[in-house]
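> Dropping in input.txt, which is compact mmCIF, C-alpha atoms:
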```
# COMPACT_ATOMS: atom_id res chain seq x y z
CA MET A 1 -0.49 -59.40 48.90
CA PRO A 2 0.30 -59.74 52.62
CA LYS A 3 -2.53 -58.78 54.92
CA TYR A 4 -0.50 -56.14 56.71
CA TYR A 5 -0.87 -53.80 53.73
CA GLU A 6 -4.66 -53.66 54.04
CA ASP A 7 -6.13 -50.92 56.28
CA LYS A 8 -4.08 -51.70 59.36
CA GLU A 9 -3.07 -49.40 62.16
CA GLU A 10 0.54 -48.44 61.77
CA ASP A 11 2.75 -50.70 63.85
CA ASN A 12 6.30 -49.42 64.12
CA ARG A 13 7.64 -52.41 66.02
CA ALA A 14 10.34 -54.49 64.41
CA CYS A 15 9.00 -57.17 62.07
CA ALA A 16 5.42 -55.89 62.41
CA GLY A 17 4.31 -57.22 59.03
CA ILE A 18 5.50 -60.77 59.51
CA ARG A 19 4.19 -60.67 63.09
CA GLU A 20 0.71 -59.82 61.80
CA ASP A 21 0.77 -62.57 59.17
CA PHE A 22 2.05 -65.12 61.69
CA LYS A 23 -0.69 -64.19 64.16
CA ALA A 24 -3.38 -64.36 61.45
CA CYS A 25 -2.10 -67.74 60.25
CA LEU A 26 -2.40 -69.21 63.72
CA LEU A 27 -5.75 -67.67 64.63
CA GLN A 28 -7.36 -68.65 61.31
CA HIS A 29 -5.87 -72.15 61.11
CA ASP A 30 -8.23 -75.15 61.30
CA CYS A 31 -6.27 -76.33 64.31
CA VAL A 32 -7.62 -73.34 66.28
CA VAL A 33 -10.91 -72.66 64.48
CA LYS A 34 -12.25 -76.19 63.98
CA GLU A 35 -10.37 -78.22 66.56
CA GLY A 36 -10.59 -75.56 69.31
CA LYS A 37 -6.94 -75.81 70.32
CA LYS A 38 -4.84 -72.97 71.66
CA PRO A 39 -2.49 -71.28 69.15
CA SER A 40 0.48 -72.43 71.26
CA GLU A 41 -0.65 -76.05 70.89
CA CYS A 42 -0.95 -75.64 67.13
CA LEU A 43 2.58 -74.22 66.99
CA LYS A 44 3.91 -77.28 68.79
CA GLU A 45 2.19 -79.43 66.15
CA GLY A 46 4.10 -77.56 63.44
CA HIS A 47 1.38 -75.35 61.95
CA CYS A 48 2.44 -72.02 60.36
CA LYS A 49 6.06 -73.17 60.61
CA ALA A 50 7.33 -71.08 57.69
CA LEU A 51 5.94 -67.87 59.17
CA GLN A 52 7.24 -68.79 62.61
CA THR A 53 10.71 -69.29 61.16
CA SER A 54 10.53 -66.03 59.19
CA PHE A 55 9.43 -64.11 62.28
CA PHE A 56 12.23 -65.65 64.34
CA GLU A 57 14.82 -64.80 61.68
CA CYS A 58 13.54 -61.23 61.46
CA LYS A 59 13.74 -60.74 65.22
CA ARG A 60 17.17 -62.35 65.35
CA SER A 61 18.43 -60.01 62.63
CA MET A 62 17.27 -57.04 64.69
CA VAL A 63 19.26 -58.27 67.72
CA SER A 64 22.29 -58.85 65.52
CA PHE A 65 21.90 -55.38 64.00
CA ARG A 66 21.83 -53.74 67.44
CA LYS A 67 24.99 -55.53 68.54
CA HIS A 68 26.92 -54.45 65.45
CA GLY A 69 25.23 -51.13 64.72
```
Any chance you could give the structure as structure tokens?

Amino acid sequence: MPKYYEDKEEDNRACAGIREDFKACLLQHDCVVKEGKKPSECLKEGHCKALQTSFFECKRSMVSFRKHG
């Protein structure tokens, strides 16, 4: 089950759940934890790519929704 269902403060921002999972993926990744790199550096290396893409798509759908809604 995604981590955002477990005892989290309520976050009413768009895409809050995927945002939380994306953040956790980066901060807990070996690239950050063991290698001591910044999360932005790990992103450039392609880590957590699926969550990054999902978060981007979610945010993009919100922009699209506002334009047409």
> For Val63 of chain A, find every residue with an atom within 12 Å (counting only C-alpha atoms), except residues of its own chain fewer than 6 positions away, and show them as a list of chain:residue names.
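My reading of the contact set: A:Ala14, A:Cys15, A:Phe56, A:Glu57, A:Gly69.
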> Rounded to one decimal place, report the atom CA of Asp21 of chain A-atom CA of Cys48 of chain A distance in Å.
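So the answer is 9.7 Å.
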> For atom CA of Ala50 of chain A and atom CA of Phe22 of chain A, quote the distance in Å rounded to one decimal.
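If I compute the distance from atom CA of Ala50 of chain A to atom CA of Phe22 of chain A, I get 8.9 Å.
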> To one decimal place in Å, what is the distance between atom CA of Leu26 of chain A and atom CA of Arg60 of chain A?
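Interatomic distance here is 20.8 Å.
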> Using all atoms listed in the file and a cutoff of 12 Å, can you tell me which residues are near (-3.6, -64.2, 63.8) in the file's coordinates, and write them out as a list in words?
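Result, sorted by chain then residue number: Lys3, Tyr4, Gly17, Ile18, Arg19, Glu20, Asp21, Phe22, Lys23, Ala24, Cys25, Leu26, Leu27, Gln28, His29, Val32, Val33, Lys38, Pro39, Ser40, Cys48, Leu51 and Gln52 of chain A.
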> Nearest residue to Ser54 of chain A out of A:Cys42, A:Cys31, A:Lys37, A:Ala16, using only C-alpha atoms?
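With only C-alpha atoms as the atom set, the closest residue is A:Ala16.
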